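S.K.: Take a look at my_file-v1.cif, mmCIF, C-alpha atoms; chains and numbers go by the auth columns:
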```cif
data_start
loop_
_atom_site.group_PDB
_atom_site.id
_atom_site.type_symbol
_atom_site.label_atom_id
_atom_site.label_comp_id
_atom_site.label_asym_id
_atom_site.label_seq_id
_atom_site.Cartn_x
_atom_site.Cartn_y
_atom_site.Cartn_z
_atom_site.B_iso_or_equiv
_atom_site.auth_seq_id
_atom_site.auth_asym_id
ATOM 1 C CA MET A 1 -29.304 -0.543 -42.584 0.00 18 V
ATOM 2 C CA ASN A 2 -26.053 0.051 -40.721 0.00 19 V
ATOM 3 C CA LYS A 3 -25.745 -1.661 -37.386 0.00 20 V
ATOM 4 C CA GLY A 4 -25.521 0.378 -34.204 0.00 21 V
ATOM 5 C CA VAL A 5 -22.421 0.696 -32.042 0.00 22 V
ATOM 6 C CA PHE A 6 -22.255 -0.966 -28.616 0.00 23 V
ATOM 7 C CA TRP A 7 -20.750 1.458 -26.100 0.00 24 V
ATOM 8 C CA GLY A 8 -19.403 0.505 -22.700 0.00 25 V
ATOM 9 C CA VAL A 9 -19.750 3.716 -20.697 0.00 26 V
ATOM 10 C CA SER A 10 -18.166 4.047 -17.260 0.00 27 V
ATOM 11 C CA VAL A 11 -20.142 6.282 -14.898 0.00 28 V
ATOM 12 C CA GLY A 12 -17.732 6.235 -11.941 0.00 29 V
ATOM 13 C CA PRO A 13 -18.297 5.131 -8.343 0.00 30 V
ATOM 14 C CA GLY A 14 -21.352 7.167 -7.366 0.00 31 V
ATOM 15 C CA ASP A 15 -20.846 10.923 -7.457 0.00 32 V
ATOM 16 C CA PRO A 16 -22.193 12.285 -10.793 0.00 33 V
ATOM 17 C CA GLU A 17 -19.380 14.854 -10.773 0.00 34 V
ATOM 18 C CA LEU A 18 -16.910 12.009 -11.291 0.00 35 V
ATOM 19 C CA LEU A 19 -18.558 11.028 -14.570 0.00 36 V
ATOM 20 C CA THR A 20 -16.193 12.131 -17.345 0.00 37 V
ATOM 21 C CA LEU A 21 -17.037 14.477 -20.217 0.00 38 V
ATOM 22 C CA ALA A 22 -16.374 11.614 -22.632 0.00 39 V
ATOM 23 C CA ALA A 23 -18.916 9.461 -20.812 0.00 40 V
ATOM 24 C CA GLN A 24 -21.460 12.277 -20.813 0.00 41 V
ATOM 25 C CA LYS A 25 -21.047 12.775 -24.570 0.00 42 V
ATOM 26 C CA ALA A 26 -21.398 9.054 -25.260 0.00 43 V
ATOM 27 C CA ILE A 27 -24.563 8.865 -23.157 0.00 44 V
ATOM 28 C CA LEU A 28 -26.092 11.855 -24.933 0.00 45 V
ATOM 29 C CA ARG A 29 -25.364 10.469 -28.401 0.00 46 V
ATOM 30 C CA CYS A 30 -26.881 7.024 -27.781 0.00 47 V
ATOM 31 C CA PRO A 31 -30.671 6.700 -28.064 0.00 48 V
ATOM 32 C CA VAL A 32 -30.702 3.494 -25.978 0.00 49 V
ATOM 33 C CA LEU A 33 -29.222 3.063 -22.504 0.00 50 V
ATOM 34 C CA ALA A 34 -28.699 -0.525 -21.341 0.00 51 V
ATOM 35 C CA VAL A 35 -28.549 -0.570 -17.547 0.00 52 V
ATOM 36 C CA PRO A 36 -27.887 -3.426 -15.093 0.00 53 V
ATOM 37 C CA ARG A 37 -30.818 -3.779 -12.686 0.00 54 V
ATOM 38 C CA THR A 38 -30.872 -5.327 -9.224 0.00 55 V
ATOM 39 C CA LYS A 39 -33.638 -7.507 -7.790 0.00 56 V
ATOM 40 C CA GLY A 40 -35.212 -4.447 -6.218 0.00 57 V
ATOM 41 C CA GLU A 41 -35.473 -2.896 -9.687 0.00 58 V
ATOM 42 C CA HIS A 42 -32.933 -0.255 -8.727 0.00 59 V
ATOM 43 C CA MET A 43 -30.556 0.960 -11.423 0.00 60 V
ATOM 44 C CA LEU A 44 -27.765 2.798 -9.632 0.00 61 V
ATOM 45 C CA ALA A 45 -25.723 3.445 -12.776 0.00 62 V
ATOM 46 C CA LEU A 46 -28.730 5.163 -14.324 0.00 63 V
ATOM 47 C CA SER A 47 -29.233 7.323 -11.234 0.00 64 V
ATOM 48 C CA ILE A 48 -25.618 8.481 -11.469 0.00 65 V
ATOM 49 C CA ALA A 49 -25.954 9.310 -15.165 0.00 66 V
ATOM 50 C CA GLN A 50 -29.182 11.220 -14.513 0.00 67 V
ATOM 51 C CA GLY A 51 -27.210 13.494 -12.216 0.00 68 V
ATOM 52 C CA ALA A 52 -24.926 14.475 -15.087 0.00 69 V
ATOM 53 C CA ALA A 53 -27.184 14.549 -18.174 0.00 70 V
ATOM 54 C CA ASP A 54 -30.807 14.932 -19.277 0.00 71 V
ATOM 55 C CA LEU A 55 -31.965 11.415 -20.158 0.00 72 V
ATOM 56 C CA SER A 56 -35.637 12.173 -20.677 0.00 73 V
ATOM 57 C CA ASP A 57 -35.518 11.220 -24.379 0.00 74 V
ATOM 58 C CA LYS A 58 -33.650 7.932 -23.882 0.00 75 V
ATOM 59 C CA GLU A 59 -35.002 4.421 -24.198 0.00 76 V
ATOM 60 C CA ILE A 60 -34.010 2.491 -21.083 0.00 77 V
ATOM 61 C CA LEU A 61 -33.198 -1.199 -21.559 0.00 78 V
ATOM 62 C CA PRO A 62 -32.952 -2.895 -18.125 0.00 79 V
ATOM 63 C CA LEU A 63 -30.494 -5.791 -17.926 0.00 80 V
ATOM 64 C CA ASP A 64 -31.232 -8.333 -15.206 0.00 81 V
ATOM 65 C CA PHE A 65 -27.953 -10.115 -14.536 0.00 82 V
ATOM 66 C CA LEU A 66 -28.188 -13.282 -12.466 0.00 83 V
ATOM 67 C CA MET A 67 -26.347 -13.331 -9.141 0.00 84 V
ATOM 68 C CA THR A 68 -25.264 -16.977 -9.192 0.00 85 V
ATOM 69 C CA THR A 69 -22.134 -19.095 -9.501 0.00 86 V
ATOM 70 C CA ASP A 70 -23.821 -21.659 -11.770 0.00 87 V
ATOM 71 C CA PRO A 71 -21.771 -21.421 -15.001 0.00 88 V
ATOM 72 C CA LYS A 72 -24.548 -22.818 -17.213 0.00 89 V
ATOM 73 C CA ALA A 73 -27.141 -20.404 -15.847 0.00 90 V
ATOM 74 C CA LEU A 74 -24.718 -17.481 -16.211 0.00 91 V
ATOM 75 C CA THR A 75 -23.934 -18.380 -19.821 0.00 92 V
ATOM 76 C CA GLU A 76 -27.629 -18.590 -20.714 0.00 93 V
ATOM 77 C CA ASN A 77 -28.347 -15.308 -18.922 0.00 94 V
ATOM 78 C CA HIS A 78 -25.518 -13.461 -20.673 0.00 95 V
ATOM 79 C CA ARG A 79 -26.592 -14.759 -24.081 0.00 96 V
ATOM 80 C CA HIS A 80 -30.161 -13.653 -23.406 0.00 97 V
ATOM 81 C CA LEU A 81 -29.061 -10.152 -22.409 0.00 98 V
ATOM 82 C CA ALA A 82 -26.689 -9.889 -25.349 0.00 99 V
ATOM 83 C CA GLY A 83 -29.636 -10.803 -27.564 0.00 100 V
ATOM 84 C CA LEU A 84 -31.693 -7.938 -26.147 0.00 101 V
ATOM 85 C CA VAL A 85 -28.883 -5.495 -26.918 0.00 102 V
ATOM 86 C CA ALA A 86 -28.365 -7.012 -30.380 0.00 103 V
ATOM 87 C CA GLN A 87 -32.023 -6.347 -31.253 0.00 104 V
ATOM 88 C CA LYS A 88 -31.433 -2.625 -30.771 0.00 105 V
ATOM 89 C CA LEU A 89 -28.103 -2.665 -32.599 0.00 106 V
ATOM 90 C CA ASP A 90 -29.701 -4.439 -35.571 0.00 107 V
ATOM 91 C CA GLN A 91 -32.171 -1.543 -35.789 0.00 108 V
ATOM 92 C CA GLY A 92 -29.220 0.786 -36.334 0.00 109 V
ATOM 93 C CA LEU A 93 -29.439 2.209 -32.805 0.00 110 V
ATOM 94 C CA ASP A 94 -26.333 2.923 -30.755 0.00 111 V
ATOM 95 C CA VAL A 95 -26.569 1.373 -27.294 0.00 112 V
ATOM 96 C CA ALA A 96 -24.682 2.672 -24.260 0.00 113 V
ATOM 97 C CA MET A 97 -24.324 0.165 -21.459 0.00 114 V
ATOM 98 C CA LEU A 98 -23.776 2.035 -18.204 0.00 115 V
ATOM 99 C CA ASN A 99 -21.212 0.570 -15.828 0.00 116 V
ATOM 100 C CA LEU A 100 -20.362 1.523 -12.264 0.00 117 V
ATOM 101 C CA GLY A 101 -16.729 2.498 -11.786 0.00 118 V
ATOM 102 C CA ASP A 102 -14.707 1.536 -14.837 0.00 119 V
ATOM 103 C CA ALA A 103 -16.012 -0.754 -17.583 0.00 120 V
ATOM 104 C CA SER A 104 -12.820 -2.832 -17.598 0.00 121 V
ATOM 105 C CA ILE A 105 -12.759 -3.724 -13.871 0.00 122 V
ATOM 106 C CA TYR A 106 -15.133 -6.471 -12.678 0.00 123 V
ATOM 107 C CA ALA A 107 -17.775 -5.043 -15.019 0.00 124 V
ATOM 108 C CA THR A 108 -20.819 -6.866 -16.362 0.00 125 V
ATOM 109 C CA PHE A 109 -20.194 -5.056 -19.645 0.00 126 V
ATOM 110 C CA SER A 110 -17.271 -7.382 -20.375 0.00 127 V
ATOM 111 C CA TYR A 111 -19.571 -10.424 -20.569 0.00 128 V
ATOM 112 C CA LEU A 112 -21.773 -8.880 -23.242 0.00 129 V
ATOM 113 C CA MET A 113 -18.837 -7.344 -25.098 0.00 130 V
ATOM 114 C CA GLU A 114 -17.296 -10.782 -25.576 0.00 131 V
ATOM 115 C CA LEU A 115 -20.542 -12.037 -27.107 0.00 132 V
ATOM 116 C CA LEU A 116 -21.217 -9.027 -29.343 0.00 133 V
ATOM 117 C CA ALA A 117 -17.781 -7.811 -30.451 0.00 134 V
ATOM 118 C CA GLY A 118 -17.582 -10.244 -33.372 0.00 135 V
ATOM 119 C CA ASP A 119 -20.701 -8.834 -35.043 0.00 136 V
ATOM 120 C CA TYR A 120 -20.860 -5.217 -33.901 0.00 137 V
ATOM 121 C CA ALA A 121 -18.546 -2.265 -33.433 0.00 138 V
ATOM 122 C CA VAL A 122 -17.658 -1.739 -29.775 0.00 139 V
ATOM 123 C CA LYS A 123 -16.313 1.376 -28.054 0.00 140 V
ATOM 124 C CA VAL A 124 -15.365 1.709 -24.394 0.00 141 V
ATOM 125 C CA ILE A 125 -15.256 4.889 -22.306 0.00 142 V
ATOM 126 C CA PRO A 126 -13.040 4.569 -19.197 0.00 143 V
ATOM 127 C CA GLY A 127 -13.998 5.965 -15.828 0.00 144 V
ATOM 128 C CA VAL A 128 -12.978 6.456 -12.203 0.00 145 V
ATOM 129 C CA PRO A 129 -12.672 3.013 -10.533 0.00 146 V
ATOM 130 C CA SER A 130 -14.416 2.633 -7.195 0.00 147 V
ATOM 131 C CA PHE A 131 -11.214 1.709 -5.388 0.00 148 V
ATOM 132 C CA CYS A 132 -9.459 4.862 -6.633 0.00 149 V
ATOM 133 C CA ALA A 133 -12.335 6.976 -5.347 0.00 150 V
ATOM 134 C CA ALA A 134 -12.272 5.031 -2.073 0.00 151 V
ATOM 135 C CA ALA A 135 -8.531 5.618 -1.718 0.00 152 V
ATOM 136 C CA ALA A 136 -9.023 9.338 -2.305 0.00 153 V
ATOM 137 C CA ALA A 137 -11.847 9.518 0.240 0.00 154 V
ATOM 138 C CA ALA A 138 -9.760 7.694 2.846 0.00 155 V
ATOM 139 C CA ARG A 139 -6.534 9.565 1.956 0.00 156 V
ATOM 140 C CA PHE A 140 -4.944 6.166 1.366 0.00 157 V
ATOM 141 C CA PRO A 141 -1.977 5.889 -1.077 0.00 158 V
ATOM 142 C CA LEU A 142 -2.599 2.781 -3.163 0.00 159 V
ATOM 143 C CA THR A 143 0.948 2.298 -4.408 0.00 160 V
ATOM 144 C CA THR A 144 4.546 3.232 -3.880 0.00 161 V
ATOM 145 C CA MET A 145 7.250 3.089 -6.526 0.00 162 V
ATOM 146 C CA ASN A 146 8.699 -0.208 -5.315 0.00 163 V
ATOM 147 C CA GLN A 147 5.589 -2.166 -4.367 0.00 164 V
ATOM 148 C CA PRO A 148 2.888 -3.938 -6.365 0.00 165 V
ATOM 149 C CA LEU A 149 -0.855 -3.413 -5.971 0.00 166 V
ATOM 150 C CA HIS A 150 -3.088 -6.487 -5.804 0.00 167 V
ATOM 151 C CA ILE A 151 -6.784 -6.153 -6.699 0.00 168 V
ATOM 152 C CA LEU A 152 -8.733 -9.108 -5.339 0.00 169 V
ATOM 153 C CA PRO A 153 -12.415 -10.082 -5.308 0.00 170 V
ATOM 154 C CA ALA A 154 -13.036 -10.523 -1.586 0.00 171 V
ATOM 155 C CA GLY A 155 -13.959 -13.969 -0.335 0.00 172 V
ATOM 156 C CA LYS A 156 -12.838 -15.890 -3.407 0.00 173 V
ATOM 157 C CA GLU A 157 -10.868 -19.113 -3.098 0.00 174 V
ATOM 158 C CA GLY A 158 -7.188 -18.475 -2.491 0.00 175 V
ATOM 159 C CA MET A 159 -7.654 -15.040 -0.910 0.00 176 V
ATOM 160 C CA GLU A 160 -5.834 -16.048 2.273 0.00 177 V
ATOM 161 C CA GLU A 161 -2.756 -17.166 0.334 0.00 178 V
ATOM 162 C CA GLN A 162 -2.791 -14.071 -1.864 0.00 179 V
ATOM 163 C CA LEU A 163 -2.703 -11.816 1.191 0.00 180 V
ATOM 164 C CA THR A 164 0.765 -13.174 2.000 0.00 181 V
ATOM 165 C CA GLN A 165 2.254 -11.538 -1.098 0.00 182 V
ATOM 166 C CA PRO A 166 4.300 -8.331 -0.779 0.00 183 V
ATOM 167 C CA GLY A 167 2.544 -5.071 -1.632 0.00 184 V
ATOM 168 C CA ARG A 168 -0.765 -3.371 -0.950 0.00 185 V
ATOM 169 C CA PHE A 169 -4.240 -4.778 -1.531 0.00 186 V
ATOM 170 C CA VAL A 170 -7.679 -3.771 -2.715 0.00 187 V
ATOM 171 C CA LEU A 171 -10.411 -6.197 -1.632 0.00 188 V
ATOM 172 C CA MET A 172 -13.448 -5.551 -3.819 0.00 189 V
ATOM 173 C CA LYS A 173 -17.065 -6.102 -2.759 0.00 190 V
ATOM 174 C CA SER A 174 -16.122 -7.185 0.746 0.00 191 V
ATOM 175 C CA GLY A 175 -19.473 -6.620 2.477 0.00 192 V
ATOM 176 C CA ARG A 176 -21.020 -10.073 2.125 0.00 193 V
ATOM 177 C CA GLN A 177 -17.730 -11.773 2.977 0.00 194 V
ATOM 178 C CA LEU A 178 -16.768 -9.429 5.809 0.00 195 V
ATOM 179 C CA PRO A 179 -16.311 -11.982 8.650 0.00 196 V
ATOM 180 C CA ARG A 180 -14.107 -14.178 6.462 0.00 197 V
ATOM 181 C CA VAL A 181 -12.150 -11.183 5.170 0.00 198 V
ATOM 182 C CA GLN A 182 -11.593 -9.864 8.687 0.00 199 V
ATOM 183 C CA GLU A 183 -10.278 -13.230 9.841 0.00 200 V
ATOM 184 C CA ALA A 184 -7.989 -13.515 6.799 0.00 201 V
ATOM 185 C CA LEU A 185 -6.582 -10.063 7.518 0.00 202 V
ATOM 186 C CA ARG A 186 -5.960 -11.017 11.143 0.00 203 V
ATOM 187 C CA GLN A 187 -4.143 -14.190 10.111 0.00 204 V
ATOM 188 C CA ALA A 188 -1.992 -12.220 7.664 0.00 205 V
ATOM 189 C CA GLY A 189 -1.148 -9.584 10.261 0.00 206 V
ATOM 190 C CA LEU A 190 -2.881 -6.907 8.180 0.00 207 V
ATOM 191 C CA TYR A 191 -5.995 -6.201 10.246 0.00 208 V
ATOM 192 C CA GLU A 192 -4.632 -3.032 11.838 0.00 209 V
ATOM 193 C CA LYS A 193 -3.398 -1.808 8.458 0.00 210 V
ATOM 194 C CA SER A 194 -6.808 -1.916 6.740 0.00 211 V
ATOM 195 C CA VAL A 195 -9.399 0.733 5.937 0.00 212 V
ATOM 196 C CA LEU A 196 -12.967 -0.046 4.853 0.00 213 V
ATOM 197 C CA VAL A 197 -14.946 2.289 2.583 0.00 214 V
ATOM 198 C CA ALA A 198 -18.635 1.580 1.980 0.00 215 V
ATOM 199 C CA ASP A 199 -20.857 3.203 -0.682 0.00 216 V
ATOM 200 C CA CYS A 200 -18.082 5.471 -1.905 0.00 217 V
ATOM 201 C CA GLY A 201 -19.417 8.595 -3.603 0.00 218 V
ATOM 202 C CA LEU A 202 -23.003 7.989 -2.472 0.00 219 V
ATOM 203 C CA PRO A 203 -24.882 9.862 0.276 0.00 220 V
ATOM 204 C CA SER A 204 -24.494 6.779 2.482 0.00 221 V
ATOM 205 C CA GLN A 205 -20.686 6.747 2.203 0.00 222 V
ATOM 206 C CA ALA A 206 -18.909 5.524 5.334 0.00 223 V
ATOM 207 C CA ILE A 207 -15.204 5.162 6.119 0.00 224 V
ATOM 208 C CA TYR A 208 -13.893 2.868 8.871 0.00 225 V
ATOM 209 C CA GLU A 209 -10.232 3.310 9.727 0.00 226 V
ATOM 210 C CA ASN A 210 -10.685 0.730 12.482 0.00 227 V
ATOM 211 C CA LEU A 211 -12.436 -2.461 11.356 0.00 228 V
ATOM 212 C CA ASP A 212 -13.550 -3.098 14.949 0.00 229 V
ATOM 213 C CA ASP A 213 -15.914 -0.131 14.611 0.00 230 V
ATOM 214 C CA ILE A 214 -18.095 -1.976 12.074 0.00 231 V
ATOM 215 C CA ARG A 215 -21.311 -2.997 13.814 0.00 232 V
ATOM 216 C CA GLU A 216 -23.316 -4.330 10.847 0.00 233 V
ATOM 217 C CA ASN A 217 -22.877 -5.506 7.280 0.00 234 V
ATOM 218 C CA PRO A 218 -21.744 -2.393 5.373 0.00 235 V
ATOM 219 C CA GLY A 219 -23.395 -3.578 2.157 0.00 236 V
ATOM 220 C CA TYR A 220 -22.534 -4.773 -1.330 0.00 237 V
ATOM 221 C CA PHE A 221 -20.481 -1.746 -2.423 0.00 238 V
ATOM 222 C CA THR A 222 -17.714 -2.214 0.109 0.00 239 V
ATOM 223 C CA THR A 223 -13.982 -1.953 -0.522 0.00 240 V
ATOM 224 C CA ILE A 224 -11.152 -2.675 1.909 0.00 241 V
ATOM 225 C CA LEU A 225 -7.765 -1.042 1.329 0.00 242 V
ATOM 226 C CA VAL A 226 -4.773 -2.757 2.913 0.00 243 V
ATOM 227 C CA LYS A 227 -1.234 -1.534 3.508 0.00 244 V
ATOM 228 C CA GLU A 228 1.697 -3.931 3.421 0.00 245 V
#
```
Write the structure described by the file as C-alpha cells, please.

M.R.:
Amino acid sequence: MNKGVFWGVSVGPGDPELLTLAAQKAILRCPVLAVPRTKGEHMLALSIAQGAADLSDKEILPLDFLMTTDPKALTENHRHLAGLVAQKLDQGLDVAMLNLGDASIYATFSYLMELLAGDYAVKVIPGVPSFCAAAAAARFPLTTMNQPLHILPAGKEGMEEQLTQPGRFVLMKSGRQLPRVQEALRQAGLYEKSVLVADCGLPSQAIYENLDDIRENPGYFTTILVKE
C-alpha cells in the first residue's frame, strides 16, 4: 500500500475568504484533517476551513499540542502527535494539517514535518500570515525599500535589545506579555509608533492605534506593529 501524503495547509488569519484556492483544493482532496486543539477543545483552524469548504465527510484528527517550555515534554508530545498522523499516512490516507496564518511562520506544523519528512512525502500550501492581515486592517505599511522588517515572538529573551535595531517590527502573540512589551516599547522610544491588532479577521477583531486605550488583556492572537 502506498503511503499517504502529509499536507501542511495554511488557512489564513481568521476570515474564511482569505483561505486560498490552493488550500481549499488540498483540504477537499484529503480524507483526514489534523487540527491543533486548545485546552477548551476549540479548533479555530477547523472553524475557518468550514467557512470555505464542506467538511462533512472528513475524519477530524485533533492534535493537542502542549503549551510548555519544557524541552523534554515538548519533544515527547511532538513525537506522540507525529505518531498519530503517521498511523493515517501508513493506511494510505492523505492528511492535511490545518495551520493558522502561514504554515512556515511560527507554525506547529513545522514540528511534525521535521519528524515525518524522512518517511513520508510532504507538501506545503502557503497562506496569508496574520501580521500581513493585521497590517492591512490597520493600514500600516510593513516595509519601505530601504528598511528591514523584524518579526519577533513577543516577550522572548533579548526582545528589548532587538528593538534597538533599525527598521520596523512585528511582535507576534503579544497579549500574554503585554505589560512587558509596552515597557520595552517605551524604553526604545517606540510606544507612540505602535499599533496593536487583536483577533485579526475574526468577529472580535480590535485595532488600537493608541496603546493607552487597552483596558484588558487583548488575548492570545495579538500582534503589535511598530514603525521605526

S.K.: Do you know which residues are at most 9 Å from range 208-213 of chain V counting all atoms listed in the file, after dropping those on the same chain fewer than 6 positions away, and could you put them as a ChimeraX atom specification?

M.R.: /V:151,155,157,191,199-202,223-228,239-245

S.K.: For this file, the PyMOL selection byres ((chain V and resi 101-108) around 8) selects which residues, as a list in words?

M.R.: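 Applying the PyMOL selection byres ((chain V and resi 101-108) around 8) to the structure shown produces Met18, Asn19, Lys20, Gly21, Val22, Phe23, Val49, Ala51, His97, Leu98, Ala99, Gly100, Gly109, Leu110, Asp111, Val112, Leu133 and Tyr137 of chain V.
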
S.K.: Name the closest residue to Glu178 in chain V among the candidates V:Asn234, V:Gln204, V:Asp136, V:Gln164; distances are taken between atoms, counting all atoms listed in the file.

M.R.: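 Between V:Asn234, V:Gln204, V:Asp136, V:Gln164, the residue approaching Glu178 in chain V most closely is V:Gln204.
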
S.K.: Compare V:Phe126, V:Gly144, V:Lys42, V:Pro183 by their minimum atom-to-atom distance to Asn163 in chain V, counting only C-alpha atoms, and give me the closest one.

M.R.: V:Pro183

S.K.: Between V:Thr160, V:Pro235, V:Pro220, V:Met84, which residue has the minimum interatomic distance to Gln194 in chain V, considering only C-alpha atoms?

M.R.: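 Between V:Thr160, V:Pro235, V:Pro220, V:Met84, the residue approaching Gln194 in chain V most closely is V:Pro235.
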
S.K.: What's the separation between CA of Val139 in chain V and CA of Gly25 in chain V, in Å to one decimal place?

M.R.: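 So the two atoms, CA of Val139 in chain V and CA of Gly25 in chain V, lie 7.6 Å apart.
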
S.K.: Name the closest residue to Ala171 in chain V among the candidates V:Pro143, V:Leu132, V:Lys56, V:Tyr237; distances are taken between atoms, counting all atoms listed in the file.

M.R.: V:Tyr237

S.K.: Any idea what's packed within 10 Å of range 123-125 of chain V, counting only C-alpha atoms, ignoring anything in its chain fewer than 6 positions away? Could you give it as a PyMOL selection string?

M.R.: chain V and resi 25+27+53+80+82+95+114-117+170+189

S.K.: With distances taken over all atoms listed in the file, which of V:Leu166, V:Leu45, V:Leu180, V:Ala138 is nearest to Arg203 in chain V?

M.R.: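 When distances to Arg203 in chain V are compared using all atoms listed in the file, the smallest one comes from V:Leu180.
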
S.K.: Which one is closest to Gln41 in chain V: V:Leu78, V:Ala90, V:Met176, V:Ala69? Count all atoms listed in the file.

M.R.: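 Selected residue with least distance to Gln41 in chain V: V:Ala69.
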
S.K.: With the file shown as input, list the residues that the PyMOL selection byres ((chain V and resi 29) around 10) selects, as a list in words.

M.R.: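 Evaluating the PyMOL selection byres ((chain V and resi 29) around 10) on these coordinates yields Val26, Ser27, Val28, Pro30, Gly31, Asp32, Pro33, Glu34, Leu35, Leu36, Thr37, Ala40, Ala62, Ile65, Ala66, Leu115, Asn116, Leu117, Gly118, Asp119, Ala120, Pro143, Gly144, Val145, Pro146, Ser147, Cys149, Ala150 and Gly218 of chain V.
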
S.K.: Separation of CA of Thr92 in chain V and CA of Ala134 in chain V, in Å?

M.R.: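 A separation of 16.2 Å between them.
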
S.K.: Could you tell me how far CA of Leu188 in chain V lies from CA of Pro165 in chain V, in Å and to one decimal?

M.R.: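 Those two atoms sit 14.3 Å apart.
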